[in-house]
$ cat structure_29.tsv   # TSV, C-alpha atoms
chain	number	residue	atom	x	y	z
A	262	MET	CA	-21.80	15.98	7.46
A	263	THR	CA	-19.63	18.66	9.03
A	264	ASP	CA	-22.08	21.46	9.90
A	265	ALA	CA	-20.81	24.74	11.38
A	266	THR	CA	-21.25	23.59	14.97
A	267	THR	CA	-19.35	20.36	14.40
A	268	GLY	CA	-16.66	22.39	12.63
A	269	ALA	CA	-16.41	24.70	15.64
A	270	ILE	CA	-16.14	21.69	17.97
A	271	LEU	CA	-13.36	20.20	15.85
A	272	ASP	CA	-11.53	23.57	15.74
A	273	ALA	CA	-11.89	23.94	19.50
A	274	THR	CA	-10.57	20.42	20.09
A	275	ARG	CA	-7.63	21.03	17.81
A	276	SER	CA	-6.60	24.20	19.59
A	277	SER	CA	-7.11	22.69	23.04
A	278	VAL	CA	-5.04	19.61	22.12
A	279	LEU	CA	-2.24	21.75	20.69
A	280	ASP	CA	-2.29	24.04	23.76
A	281	PHE	CA	-2.69	21.52	26.55
A	282	GLY	CA	-2.19	18.06	25.06
A	283	ILE	CA	-4.73	15.30	24.61
A	284	ARG	CA	-4.93	14.09	28.19
A	285	ARG	CA	-5.82	17.52	29.53
A	286	THR	CA	-8.42	18.29	26.87
A	287	THR	CA	-11.93	17.91	28.32
A	288	LEU	CA	-15.37	18.12	26.74
A	289	THR	CA	-16.08	21.10	29.01
A	290	ASP	CA	-13.04	22.93	27.68
A	291	VAL	CA	-13.97	22.04	24.11
A	292	ALA	CA	-17.52	23.35	24.60
A	293	ARG	CA	-16.25	26.60	26.11
A	294	ARG	CA	-13.79	27.20	23.29
A	295	ALA	CA	-16.40	26.33	20.65
A	296	GLY	CA	-18.93	28.69	22.30
A	297	VAL	CA	-21.56	25.96	22.64
A	298	SER	CA	-23.11	24.11	25.56
A	299	ARG	CA	-21.69	20.83	26.82
A	300	MET	CA	-25.00	19.23	25.86
A	301	THR	CA	-24.45	20.31	22.25
A	302	VAL	CA	-21.08	18.57	22.26
A	303	TYR	CA	-22.48	15.44	23.94
A	304	ARG	CA	-25.25	15.18	21.35
A	305	ARG	CA	-22.54	14.79	18.70
A	306	TYR	CA	-19.73	12.99	20.53
A	307	PRO	CA	-19.60	10.65	23.53
A	308	ASP	CA	-16.04	11.61	24.47
A	309	VAL	CA	-12.87	13.42	23.46
A	310	ASP	CA	-11.50	10.33	21.66
A	311	ALA	CA	-14.51	10.33	19.33
A	312	ILE	CA	-13.92	14.00	18.51
A	313	LEU	CA	-10.25	13.25	17.91
A	314	ARG	CA	-11.13	10.53	15.42
A	315	ASP	CA	-13.24	13.00	13.42
A	316	LEU	CA	-10.54	15.63	13.75
A	317	MET	CA	-7.93	13.24	12.35
A	318	THR	CA	-10.20	12.43	9.41
A	319	ARG	CA	-10.69	16.14	8.70
A	320	GLU	CA	-7.09	17.19	9.23
A	321	PHE	CA	-5.37	14.33	7.43
A	322	GLY	CA	-8.00	14.31	4.66
A	323	ALA	CA	-7.32	18.02	4.07
A	324	ALA	CA	-3.58	17.32	3.97
A	325	MET	CA	-4.12	14.57	1.36
A	326	ALA	CA	-6.31	16.89	-0.74
A	327	ASP	CA	-3.73	19.64	-0.48
A	328	ILE	CA	-0.97	17.33	-1.65
A	329	ALA	CA	-3.22	16.07	-4.47
A	330	ALA	CA	-3.71	19.65	-5.69
A	331	ASN	CA	0.05	20.14	-5.87
A	332	VAL	CA	1.21	16.78	-7.18
A	333	GLY	CA	3.48	17.28	-10.13
A	334	GLY	CA	5.54	14.84	-12.14
A	335	ARG	CA	5.85	13.87	-15.73
A	336	ASP	CA	3.90	10.61	-15.52
A	337	GLY	CA	1.70	8.50	-13.25
A	338	ARG	CA	4.59	6.78	-11.52
A	339	SER	CA	6.38	9.98	-10.54
A	340	ARG	CA	3.06	11.38	-9.31
A	341	VAL	CA	2.59	8.39	-7.00
A	342	VAL	CA	6.15	8.73	-5.69
A	343	HIS	CA	5.63	12.44	-5.11
A	344	ARG	CA	2.28	11.97	-3.39
A	345	ILE	CA	3.60	9.30	-1.04
A	346	VAL	CA	6.80	11.06	-0.05
A	347	ALA	CA	4.87	14.31	0.50
A	348	SER	CA	2.28	12.49	2.62
A	349	VAL	CA	4.93	10.99	4.88
A	350	GLU	CA	6.60	14.39	5.26
A	351	VAL	CA	3.33	16.17	6.06
A	352	LEU	CA	2.17	13.54	8.54
A	353	ARG	CA	5.53	13.27	10.32
A	354	ALA	CA	5.59	17.07	10.63
A	355	SER	CA	1.94	17.34	11.75
A	356	ALA	CA	1.55	18.85	15.24
A	357	LEU	CA	-1.70	16.94	15.72
A	358	MET	CA	-0.12	13.63	14.70
A	359	SER	CA	2.81	14.29	17.04
A	360	LYS	CA	0.47	14.90	19.98
A	361	ILE	CA	-1.44	11.70	19.22
A	362	LEU	CA	1.70	9.60	18.86
A	363	GLU	CA	3.01	11.06	22.11
A	364	ALA	CA	-0.09	10.93	24.29
A	365	GLU	CA	-2.68	8.63	22.80
A	366	PRO	CA	-1.17	6.28	20.22
A	367	GLU	CA	-3.74	3.59	21.14
A	368	LEU	CA	-6.16	5.74	19.14
A	369	LEU	CA	-4.33	4.71	15.97
A	370	LEU	CA	-4.11	0.98	16.77
A	371	PRO	CA	-7.44	-0.07	15.22
A	372	TYR	CA	-6.35	1.45	11.90
A	373	VAL	CA	-3.01	-0.35	12.04
A	374	LEU	CA	-4.33	-3.75	13.09
A	375	ASP	CA	-8.00	-4.18	12.28
A	376	ARG	CA	-9.65	-2.04	9.68
A	377	MET	CA	-9.15	0.85	7.32
A	378	GLY	CA	-10.00	4.32	8.59
A	379	GLU	CA	-11.47	7.07	6.46
A	380	THR	CA	-8.11	8.73	5.68
A	381	GLN	CA	-6.64	5.40	4.62
A	382	ARG	CA	-9.59	4.72	2.31
A	383	VAL	CA	-9.25	8.14	0.72
A	384	ALA	CA	-5.51	7.61	0.26
A	385	VAL	CA	-5.98	4.20	-1.38
A	386	THR	CA	-8.64	5.57	-3.72
A	387	MET	CA	-6.42	8.49	-4.75
A	388	VAL	CA	-3.37	6.31	-5.28
A	389	SER	CA	-5.43	3.70	-7.21
A	390	ALA	CA	-6.45	6.41	-9.65
A	391	ASP	CA	-2.83	7.54	-10.05
A	392	VAL	CA	-1.75	3.93	-10.58
A	393	ALA	CA	-4.40	3.45	-13.29
A	394	ASP	CA	-3.18	6.66	-14.97
A	395	GLY	CA	0.39	5.41	-14.79
A	396	GLN	CA	-0.62	2.09	-16.32
A	397	ALA	CA	-2.34	3.99	-19.14
A	398	ASP	CA	0.75	6.14	-19.82
A	399	GLY	CA	3.08	3.13	-19.60
A	400	SER	CA	5.03	4.28	-16.54
A	401	ILE	CA	3.53	1.67	-14.15
A	402	ARG	CA	3.51	-2.12	-14.51
A	403	ALA	CA	0.34	-4.15	-14.93
A	404	GLY	CA	-1.65	-5.31	-11.89
A	405	ASP	CA	-4.84	-4.54	-10.01
A	406	PRO	CA	-4.52	-0.84	-9.10
A	407	ARG	CA	-6.28	-1.40	-5.76
A	408	VAL	CA	-3.86	-4.16	-4.76
A	409	LEU	CA	-0.89	-2.00	-5.73
A	410	ALA	CA	-2.37	0.98	-3.87
A	411	GLN	CA	-3.05	-1.14	-0.79
A	412	ALA	CA	0.54	-2.43	-0.75
A	413	LEU	CA	1.75	1.15	-1.09
A	414	LEU	CA	-0.45	2.19	1.84
A	415	LEU	CA	1.14	-0.46	4.06
A	416	VAL	CA	4.61	0.69	3.07
A	417	THR	CA	3.74	4.35	3.52
A	418	GLN	CA	2.09	4.10	6.90
A	419	SER	CA	5.03	2.20	8.31
A	420	PHE	CA	7.30	5.10	7.39
A	421	VAL	CA	4.84	7.52	9.01
A	422	LEU	CA	4.57	5.55	12.24
A	423	SER	CA	7.99	3.97	12.56
A	424	GLY	CA	10.26	6.45	10.75
A	425	GLY	CA	11.91	7.35	14.03
A	426	ILE	CA	12.49	3.97	15.71
A	427	ALA	CA	16.04	3.38	14.47
A	428	ASP	CA	18.55	5.51	16.33
A	429	ASP	CA	21.39	4.70	13.95
A	430	VAL	CA	19.61	5.44	10.64
A	431	PRO	CA	18.69	9.09	9.91
A	432	GLU	CA	15.13	9.71	8.76
A	433	ALA	CA	16.37	11.56	5.66
A	434	ALA	CA	18.13	8.37	4.51
A	435	LEU	CA	14.96	6.35	5.15
A	436	ARG	CA	12.90	8.92	3.20
A	437	GLU	CA	15.19	8.41	0.19
A	438	GLU	CA	14.76	4.65	0.49
A	439	LEU	CA	10.99	5.15	0.54
A	440	ALA	CA	11.05	7.18	-2.68
A	441	HIS	CA	13.25	4.56	-4.30
A	442	ALA	CA	11.06	1.73	-3.02
A	443	VAL	CA	7.83	3.21	-4.35
A	444	ASP	CA	9.39	3.94	-7.72
A	445	ALA	CA	10.89	0.45	-7.97
A	446	MET	CA	7.65	-1.27	-6.85
A	447	LEU	CA	5.76	0.34	-9.70
A	448	ALA	CA	8.31	0.33	-12.53
A	449	PRO	CA	7.26	-1.83	-15.51
B	141	MET	CA	20.63	-14.97	30.23
B	142	THR	CA	17.82	-17.53	29.99
B	143	ASP	CA	18.50	-19.96	32.83
B	144	ALA	CA	16.34	-23.06	33.31
B	145	THR	CA	13.96	-21.35	35.73
B	146	THR	CA	13.40	-18.39	33.42
B	147	GLY	CA	12.90	-20.85	30.56
B	148	ALA	CA	10.26	-22.70	32.60
B	149	ILE	CA	8.52	-19.39	33.40
B	150	LEU	CA	8.46	-18.46	29.71
B	151	ASP	CA	7.16	-21.93	28.77
B	152	ALA	CA	4.47	-21.69	31.44
B	153	THR	CA	3.43	-18.23	30.28
B	154	ARG	CA	3.24	-19.38	26.69
B	155	SER	CA	0.99	-22.32	27.49
B	156	SER	CA	-1.23	-20.25	29.78
B	157	VAL	CA	-1.62	-17.53	27.16
B	158	LEU	CA	-2.47	-20.05	24.46
B	159	ASP	CA	-4.95	-21.85	26.77
B	160	PHE	CA	-6.66	-18.90	28.41
B	161	GLY	CA	-5.57	-15.76	26.59
B	162	ILE	CA	-3.42	-12.92	27.83
B	163	ARG	CA	-5.95	-11.17	30.02
B	164	ARG	CA	-6.65	-14.27	32.07
B	165	THR	CA	-3.01	-15.24	32.53
B	166	THR	CA	-1.84	-14.40	36.05
B	167	LEU	CA	1.54	-14.59	37.74
B	168	THR	CA	0.06	-17.13	40.15
B	169	ASP	CA	-0.99	-19.38	37.29
B	170	VAL	CA	2.41	-18.96	35.63
B	171	ALA	CA	4.21	-19.91	38.86
B	172	ARG	CA	1.99	-22.98	39.32
B	173	ARG	CA	2.55	-24.18	35.76
B	174	ALA	CA	6.29	-23.53	35.99
B	175	GLY	CA	6.47	-25.41	39.32
B	176	VAL	CA	8.11	-22.49	41.11
B	177	SER	CA	6.98	-20.10	43.85
B	178	ARG	CA	5.34	-16.78	43.04
B	179	MET	CA	8.30	-15.09	44.71
B	180	THR	CA	10.65	-16.76	42.22
B	181	VAL	CA	8.60	-15.29	39.37
B	182	TYR	CA	8.43	-11.86	41.03
B	183	ARG	CA	12.19	-11.79	41.49
B	184	ARG	CA	12.53	-12.01	37.70
B	185	TYR	CA	9.46	-10.16	36.41
B	186	PRO	CA	7.25	-7.40	37.83
B	187	ASP	CA	4.17	-8.47	35.84
B	188	VAL	CA	2.80	-10.65	33.04
B	189	ASP	CA	3.52	-7.98	30.39
B	190	ALA	CA	7.22	-8.10	31.25
B	191	ILE	CA	7.22	-11.90	30.83
B	192	LEU	CA	5.37	-11.53	27.55
B	193	ARG	CA	8.03	-9.15	26.25
B	194	ASP	CA	10.75	-11.72	26.99
B	195	LEU	CA	8.59	-14.47	25.55
B	196	MET	CA	8.16	-12.53	22.30
B	197	THR	CA	11.92	-12.01	22.07
B	198	ARG	CA	12.53	-15.73	22.57
B	199	GLU	CA	9.73	-16.97	20.30
B	200	PHE	CA	10.20	-14.54	17.43
B	201	GLY	CA	13.99	-14.75	17.71
B	202	ALA	CA	13.77	-18.54	17.39
B	203	ALA	CA	11.48	-18.15	14.37
B	204	MET	CA	14.01	-15.79	12.71
B	205	ALA	CA	16.86	-18.24	13.43
B	206	ASP	CA	14.80	-21.10	12.04
B	207	ILE	CA	14.09	-19.19	8.85
B	208	ALA	CA	17.77	-18.23	8.60
B	209	ALA	CA	18.76	-21.90	8.76
B	210	ASN	CA	16.46	-22.69	5.85
B	211	VAL	CA	16.94	-19.67	3.64
B	212	GLY	CA	17.75	-20.78	0.13
B	213	GLY	CA	18.08	-18.82	-3.06
B	214	ARG	CA	20.71	-18.43	-5.72
B	215	ASP	CA	22.03	-15.03	-4.59
B	216	GLY	CA	21.88	-12.43	-1.81
B	217	ARG	CA	18.81	-10.70	-3.20
B	218	SER	CA	16.69	-13.82	-3.45
B	219	ARG	CA	17.79	-14.79	0.05
B	220	VAL	CA	16.53	-11.45	1.40
B	221	VAL	CA	13.23	-11.85	-0.44
B	222	HIS	CA	12.84	-15.37	0.89
B	223	ARG	CA	13.73	-14.41	4.45
B	224	ILE	CA	11.29	-11.51	4.51
B	225	VAL	CA	8.34	-13.31	2.96
B	226	ALA	CA	8.92	-16.30	5.27
B	227	SER	CA	9.09	-13.99	8.31
B	228	VAL	CA	5.78	-12.37	7.46
B	229	GLU	CA	4.18	-15.77	6.95
B	230	VAL	CA	5.53	-17.18	10.22
B	231	LEU	CA	4.57	-14.11	12.27
B	232	ARG	CA	1.08	-13.83	10.76
B	233	ALA	CA	0.53	-17.53	11.48
B	234	SER	CA	1.98	-17.37	15.01
B	235	ALA	CA	-0.53	-18.29	17.72
B	236	LEU	CA	1.32	-16.10	20.23
B	237	MET	CA	1.33	-13.12	17.88
B	238	SER	CA	-2.39	-13.62	17.20
B	239	LYS	CA	-3.19	-13.60	20.91
B	240	ILE	CA	-1.15	-10.43	21.41
B	241	LEU	CA	-2.73	-8.64	18.47
B	242	GLU	CA	-6.15	-9.70	19.70
B	243	ALA	CA	-5.85	-8.99	23.42
B	244	GLU	CA	-2.87	-6.78	24.13
B	245	PRO	CA	-1.70	-4.97	21.00
B	246	GLU	CA	-0.57	-2.00	23.14
B	247	LEU	CA	2.36	-4.23	24.07
B	248	LEU	CA	3.69	-3.83	20.52
B	249	LEU	CA	3.19	-0.05	20.29
B	250	PRO	CA	6.59	0.98	21.71
B	251	TYR	CA	8.32	-1.09	19.01
B	252	VAL	CA	6.20	0.47	16.28
B	253	LEU	CA	6.47	4.07	17.44
B	254	ASP	CA	9.46	4.63	19.68
B	255	ARG	CA	12.37	2.26	19.63
B	256	MET	CA	13.65	-0.99	18.20
B	257	GLY	CA	12.98	-4.17	20.18
B	258	GLU	CA	15.36	-7.10	20.39
B	259	THR	CA	13.68	-9.08	17.59
B	260	GLN	CA	13.79	-6.06	15.28
B	261	ARG	CA	17.50	-5.53	15.98
B	262	VAL	CA	18.25	-9.18	15.26
B	263	ALA	CA	16.25	-9.00	12.02
B	264	VAL	CA	18.04	-5.86	10.84
B	265	THR	CA	21.45	-7.38	11.61
B	266	MET	CA	20.58	-10.57	9.71
B	267	VAL	CA	19.20	-8.71	6.72
B	268	SER	CA	22.16	-6.29	6.68
B	269	ALA	CA	24.49	-9.27	6.35
B	270	ASP	CA	22.40	-10.71	3.50
B	271	VAL	CA	22.37	-7.31	1.81
B	272	ALA	CA	26.17	-7.05	2.05
B	273	ASP	CA	26.45	-10.56	0.56
B	274	GLY	CA	24.10	-9.54	-2.25
B	275	GLN	CA	26.17	-6.44	-2.95
B	276	ALA	CA	29.27	-8.62	-3.12
B	277	ASP	CA	27.65	-11.06	-5.57
B	278	GLY	CA	26.21	-8.22	-7.67
B	279	SER	CA	22.54	-9.04	-7.05
B	280	ILE	CA	21.85	-5.99	-4.82
B	281	ARG	CA	22.43	-2.33	-5.61
B	282	ALA	CA	24.93	-0.16	-3.75
B	283	GLY	CA	23.97	1.61	-0.52
B	284	ASP	CA	24.54	1.35	3.22
B	285	PRO	CA	23.37	-2.17	4.13
B	286	ARG	CA	21.98	-0.98	7.48
B	287	VAL	CA	19.87	1.72	5.82
B	288	LEU	CA	18.54	-0.77	3.28
B	289	ALA	CA	17.86	-3.32	6.01
B	290	GLN	CA	16.10	-0.71	8.16
B	291	ALA	CA	13.86	0.31	5.24
B	292	LEU	CA	13.08	-3.36	4.65
B	293	LEU	CA	12.19	-3.78	8.32
B	294	LEU	CA	9.65	-0.94	8.10
B	295	VAL	CA	8.10	-2.48	5.00
B	296	THR	CA	8.06	-5.96	6.51
B	297	GLN	CA	6.55	-5.07	9.84
B	298	SER	CA	3.72	-3.20	8.20
B	299	PHE	CA	2.77	-6.36	6.32
B	300	VAL	CA	2.93	-8.31	9.60
B	301	LEU	CA	0.76	-5.86	11.53
B	302	SER	CA	-1.57	-4.50	8.86
B	303	GLY	CA	-1.80	-7.37	6.37
B	304	GLY	CA	-5.44	-7.87	7.31
B	305	ILE	CA	-6.84	-4.35	7.40
B	306	ALA	CA	-8.15	-4.20	3.83
B	307	ASP	CA	-11.33	-6.20	3.39
B	308	ASP	CA	-11.25	-5.97	-0.40
B	309	VAL	CA	-7.65	-7.08	-0.99
B	310	PRO	CA	-6.76	-10.71	-0.19
B	311	GLU	CA	-3.64	-11.26	1.91
B	312	ALA	CA	-2.19	-13.63	-0.70
B	313	ALA	CA	-2.22	-10.79	-3.24
B	314	LEU	CA	-0.53	-8.48	-0.74
B	315	ARG	CA	2.08	-11.15	0.00
B	316	GLU	CA	2.95	-11.28	-3.71
B	317	GLU	CA	3.28	-7.51	-3.76
B	318	LEU	CA	5.61	-7.71	-0.77
B	319	ALA	CA	7.90	-10.22	-2.52
B	320	HIS	CA	7.92	-8.03	-5.63
B	321	ALA	CA	8.55	-4.88	-3.58
B	322	VAL	CA	11.53	-6.32	-1.71
B	323	ASP	CA	13.03	-7.68	-4.91
B	324	ALA	CA	12.52	-4.37	-6.75
B	325	MET	CA	13.85	-2.28	-3.83
B	326	LEU	CA	17.14	-4.17	-3.92
B	327	ALA	CA	17.66	-4.77	-7.65
B	328	PRO	CA	20.77	-3.02	-9.06

$ encode --input "structure_29.tsv" --output "structure tokens"
Amino acid sequence: MTDATTGAILDATRSSVLDFGIRRTTLTDVARRAGVSRMTVYRRYPDVDAILRDLMTREFGAAMADIAANVGGRDGRSRVVHRIVASVEVLRASALMSKILEAEPELLLPYVLDRMGETQRVAVTMVSADVADGQADGSIRAGDPRVLAQALLLVTQSFVLSGGIADDVPEAALREELAHAVDAMLAP
Amino acid sequence: MTDATTGAILDATRSSVLDFGIRRTTLTDVARRAGVSRMTVYRRYPDVDAILRDLMTREFGAAMADIAANVGGRDGRSRVVHRIVASVEVLRASALMSKILEAEPELLLPYVLDRMGETQRVAVTMVSADVADGQADGSIRAGDPRVLAQALLLVTQSFVLSGGIADDVPEAALREELAHAVDAMLAP
């Protein structure tokens, strides 16, 4: 689905957003940076928000795949713990995510309140597979892997979005609680 | 802080929101229903969103207090589990919360992304006390009660906000996972 032109548009949007922020990124600027006409951009996307949604899917999907390629651990349960803690770290450190949370958090609302986005679906599918592996190797308790993975998604995304709301609890302490929580949720 | 006039304004806002929805609730309508002048409302609140914020604090605070008065359970840990599951049920069933999630979810964003609201602070304080009790009676593992309570808040609010995003996982199944998760997070 991502042809070279779309890839160039996403790259251009990413660099414009990181340079100037979301509110000052325009389709004209994106077209110029991508070396295509504005009409070419408009044929693919109605507005900058639509490009941003695709960019999030690409960027966060790549981060998930990257973590997946490096997930270690002696059994299924420790792989799930590792994957989730690494995902929270990567997303909280992401420059793109920071810009979105700062300038255009409404963009994330539908995926918090209404329906799963592409990145969330990918994450649940990956974690379901890990959970099934962990059930096979005896490290994870019985239960529908998709239900367990969905519950883990809800826990995880709250730590991504709300990890910084408490001024009296350091994020490092919360991160440790997350690792403990995931491990304890899955233990047989 | 909530004098009779402010109470009447909050009552009027609540009934207008439930009758007509948030977007069609005006300060004029609120003043009429409360039996006060528009100027009286304006002296207390700049706009409907500001009233809604106070209304949420009152309504959700009362719900938390109500749950607190009815929390049973044989030890600190089961009281925390009960309190959290009951809170999610009450908030997901709340007509006011439903209207906000439907019409004006941006109102909740600051409390998800940036800073704790009054209801969240009250919840963390209540749960911290339960956690300390559970540590004293041996049902909850060691650890800073405020850190544990903060982690539980993040888990809980995700189930309140995002309990309905997965179309293939029923909320009742997620609710069971939440109860298990809270219990497992706290077990010694």

$ residues_around --input "structure_29.tsv" --residues "A:Ser276" --least-positions-apart "5" --cutoff "9 Å" --atoms "only C-alpha atoms" --output "list in words"
Leu271, Phe281, Val291 and Arg294 of chain A

$ closest_residue --input "structure_29.tsv" --among "A:Leu415, A:Ala265, A:Ala330, A:Ala445" --to "A:Ala347" --atoms "all atoms listed in the file"
A:Ala330

$ residues_near_point --input "structure_29.tsv" --point "(20.0, -7.7, -1.4)" --cutoff "7 Å" --atoms "only C-alpha atoms" --output "PyMOL selection string"
chain B and resi 216-217+220+270-271+274-275+279-280+326

$ write_last_selection --input "structure_29.tsv" --atoms "C-alpha atoms" --output "PDB file, in the coordinates of the input"
ATOM      1  CA  GLY B 216      21.880 -12.430  -1.810  1.00  0.00           C
ATOM      2  CA  ARG B 217      18.810 -10.700  -3.200  1.00  0.00           C
ATOM      3  CA  VAL B 220      16.530 -11.450   1.400  1.00  0.00           C
ATOM      4  CA  ASP B 270      22.400 -10.710   3.500  1.00  0.00           C
ATOM      5  CA  VAL B 271      22.370  -7.310   1.810  1.00  0.00           C
ATOM      6  CA  GLY B 274      24.100  -9.540  -2.250  1.00  0.00           C
ATOM      7  CA  GLN B 275      26.170  -6.440  -2.950  1.00  0.00           C
ATOM      8  CA  SER B 279      22.540  -9.040  -7.050  1.00  0.00           C
ATOM      9  CA  ILE B 280      21.850  -5.990  -4.820  1.00  0.00           C
ATOM     10  CA  LEU B 326      17.140  -4.170  -3.920  1.00  0.00           C
TER      11      LEU B 326
END

$ residues_around --input "structure_29.tsv" --residues "stretch 283-285 of chain B" --least-positions-apart "5" --cutoff "10 Å" --atoms "only C-alpha atoms" --output "PDB file with C-alpha atoms, in the frame of the given file"
ATOM      1  CA  VAL A 430      19.610   5.440  10.640  1.00  0.00           C
ATOM      2  CA  ALA A 434      18.130   8.370   4.510  1.00  0.00           C
ATOM      3  CA  GLU A 438      14.760   4.650   0.490  1.00  0.00           C
TER       4      GLU A 438
ATOM      5  CA  VAL B 264      18.040  -5.860  10.840  1.00  0.00           C
ATOM      6  CA  THR B 265      21.450  -7.380  11.610  1.00  0.00           C
ATOM      7  CA  VAL B 267      19.200  -8.710   6.720  1.00  0.00           C
ATOM      8  CA  SER B 268      22.160  -6.290   6.680  1.00  0.00           C
ATOM      9  CA  ALA B 269      24.490  -9.270   6.350  1.00  0.00           C
ATOM     10  CA  ASP B 270      22.400 -10.710   3.500  1.00  0.00           C
ATOM     11  CA  VAL B 271      22.370  -7.310   1.810  1.00  0.00           C
ATOM     12  CA  ALA B 272      26.170  -7.050   2.050  1.00  0.00           C
ATOM     13  CA  ASP B 273      26.450 -10.560   0.560  1.00  0.00           C
ATOM     14  CA  GLY B 274      24.100  -9.540  -2.250  1.00  0.00           C
ATOM     15  CA  GLN B 275      26.170  -6.440  -2.950  1.00  0.00           C
ATOM     16  CA  GLN B 290      16.100  -0.710   8.160  1.00  0.00           C
ATOM     17  CA  ALA B 291      13.860   0.310   5.240  1.00  0.00           C
ATOM     18  CA  LEU B 326      17.140  -4.170  -3.920  1.00  0.00           C
TER      19      LEU B 326
END

$ residues_around --input "structure_29.tsv" --residues "A:Ile345" --least-positions-apart "4" --cutoff "8 Å" --atoms "all atoms listed in the file" --output "ChimeraX atom specification"
/A:341,349,417,440

$ interface_residues --input "structure_29.tsv" --of "chain B" --to "chain A" --cutoff "6 Å" --atoms "only C-alpha atoms" --output "JSON, numbers by chain"
{"B": [252, 253, 254, 255, 256, 294, 295, 298, 301, 302, 305, 321, 324, 325]}

$ atom_distance --input "structure_29.tsv" --atom1 "atom CA of A:Ala292" --atom2 "atom CA of A:Phe321"
22.9 Å

$ atom_distance --input "structure_29.tsv" --atom1 "atom CA of B:Ala263" --atom2 "atom CA of B:Ala276"
20.0 Å

$ closest_residue --input "structure_29.tsv" --among "B:Asp215, B:Glu244, B:Glu229, B:Asp159" --to "B:Ala203" --atoms "only C-alpha atoms"
B:Glu229

$ atom_distance --input "structure_29.tsv" --atom1 "atom CA of B:Ala289" --atom2 "atom CA of B:Ser227"
14.0 Å

$ decode --input "structure_29.tsv" --residues "stretch 293-304 of chain A" --atoms "N, CA, C and O atoms" --output "PDB file, in the first residue's frame"
ATOM      1  N   ARG A 293       6.351  20.209  -1.117  1.00  0.00           N
ATOM      2  CA  ARG A 293       7.656  20.752  -1.472  1.00  0.00           C
ATOM      3  C   ARG A 293       8.776  19.837  -0.985  1.00  0.00           C
ATOM      4  O   ARG A 293       9.667  19.445  -1.741  1.00  0.00           O
ATOM      5  N   ARG A 294       8.700  19.450   0.276  1.00  0.00           N
ATOM      6  CA  ARG A 294       9.739  18.580   0.833  1.00  0.00           C
ATOM      7  C   ARG A 294       9.775  17.214   0.159  1.00  0.00           C
ATOM      8  O   ARG A 294      10.828  16.592   0.044  1.00  0.00           O
ATOM      9  N   ALA A 295       8.597  16.721  -0.237  1.00  0.00           N
ATOM     10  CA  ALA A 295       8.534  15.392  -0.870  1.00  0.00           C
ATOM     11  C   ALA A 295       8.907  15.467  -2.348  1.00  0.00           C
ATOM     12  O   ALA A 295       9.075  14.444  -3.009  1.00  0.00           O
ATOM     13  N   GLY A 296       9.017  16.690  -2.900  1.00  0.00           N
ATOM     14  CA  GLY A 296       9.347  16.854  -4.318  1.00  0.00           C
ATOM     15  C   GLY A 296       8.221  16.416  -5.244  1.00  0.00           C
ATOM     16  O   GLY A 296       8.450  15.917  -6.344  1.00  0.00           O
ATOM     17  N   VAL A 297       6.977  16.606  -4.780  1.00  0.00           N
ATOM     18  CA  VAL A 297       5.818  16.269  -5.618  1.00  0.00           C
ATOM     19  C   VAL A 297       4.875  17.477  -5.649  1.00  0.00           C
ATOM     20  O   VAL A 297       5.051  18.428  -4.887  1.00  0.00           O
ATOM     21  N   SER A 298       3.878  17.418  -6.526  1.00  0.00           N
ATOM     22  CA  SER A 298       2.934  18.532  -6.602  1.00  0.00           C
ATOM     23  C   SER A 298       1.912  18.432  -5.469  1.00  0.00           C
ATOM     24  O   SER A 298       1.690  17.351  -4.909  1.00  0.00           O
ATOM     25  N   ARG A 299       1.296  19.567  -5.165  1.00  0.00           N
ATOM     26  CA  ARG A 299       0.252  19.530  -4.128  1.00  0.00           C
ATOM     27  C   ARG A 299      -0.883  18.603  -4.550  1.00  0.00           C
ATOM     28  O   ARG A 299      -1.468  17.920  -3.711  1.00  0.00           O
ATOM     29  N   MET A 300      -1.172  18.583  -5.856  1.00  0.00           N
ATOM     30  CA  MET A 300      -2.244  17.719  -6.349  1.00  0.00           C
ATOM     31  C   MET A 300      -1.949  16.249  -6.055  1.00  0.00           C
ATOM     32  O   MET A 300      -2.844  15.482  -5.708  1.00  0.00           O
ATOM     33  N   THR A 301      -0.685  15.872  -6.173  1.00  0.00           N
ATOM     34  CA  THR A 301      -0.285  14.485  -5.883  1.00  0.00           C
ATOM     35  C   THR A 301      -0.566  14.143  -4.406  1.00  0.00           C
ATOM     36  O   THR A 301      -1.038  13.052  -4.093  1.00  0.00           O
ATOM     37  N   VAL A 302      -0.279  15.114  -3.538  1.00  0.00           N
ATOM     38  CA  VAL A 302      -0.575  14.879  -2.113  1.00  0.00           C
ATOM     39  C   VAL A 302      -2.080  14.780  -1.908  1.00  0.00           C
ATOM     40  O   VAL A 302      -2.583  13.843  -1.263  1.00  0.00           O
ATOM     41  N   TYR A 303      -2.828  15.735  -2.498  1.00  0.00           N
ATOM     42  CA  TYR A 303      -4.285  15.772  -2.303  1.00  0.00           C
ATOM     43  C   TYR A 303      -4.980  14.515  -2.842  1.00  0.00           C
ATOM     44  O   TYR A 303      -6.031  14.133  -2.340  1.00  0.00           O
ATOM     45  N   ARG A 304      -4.387  13.917  -3.884  1.00  0.00           N
ATOM     46  CA  ARG A 304      -5.009  12.693  -4.401  1.00  0.00           C
ATOM     47  C   ARG A 304      -4.929  11.569  -3.379  1.00  0.00           C
ATOM     48  O   ARG A 304      -5.734  10.652  -3.390  1.00  0.00           O
TER      49      ARG A 304
END
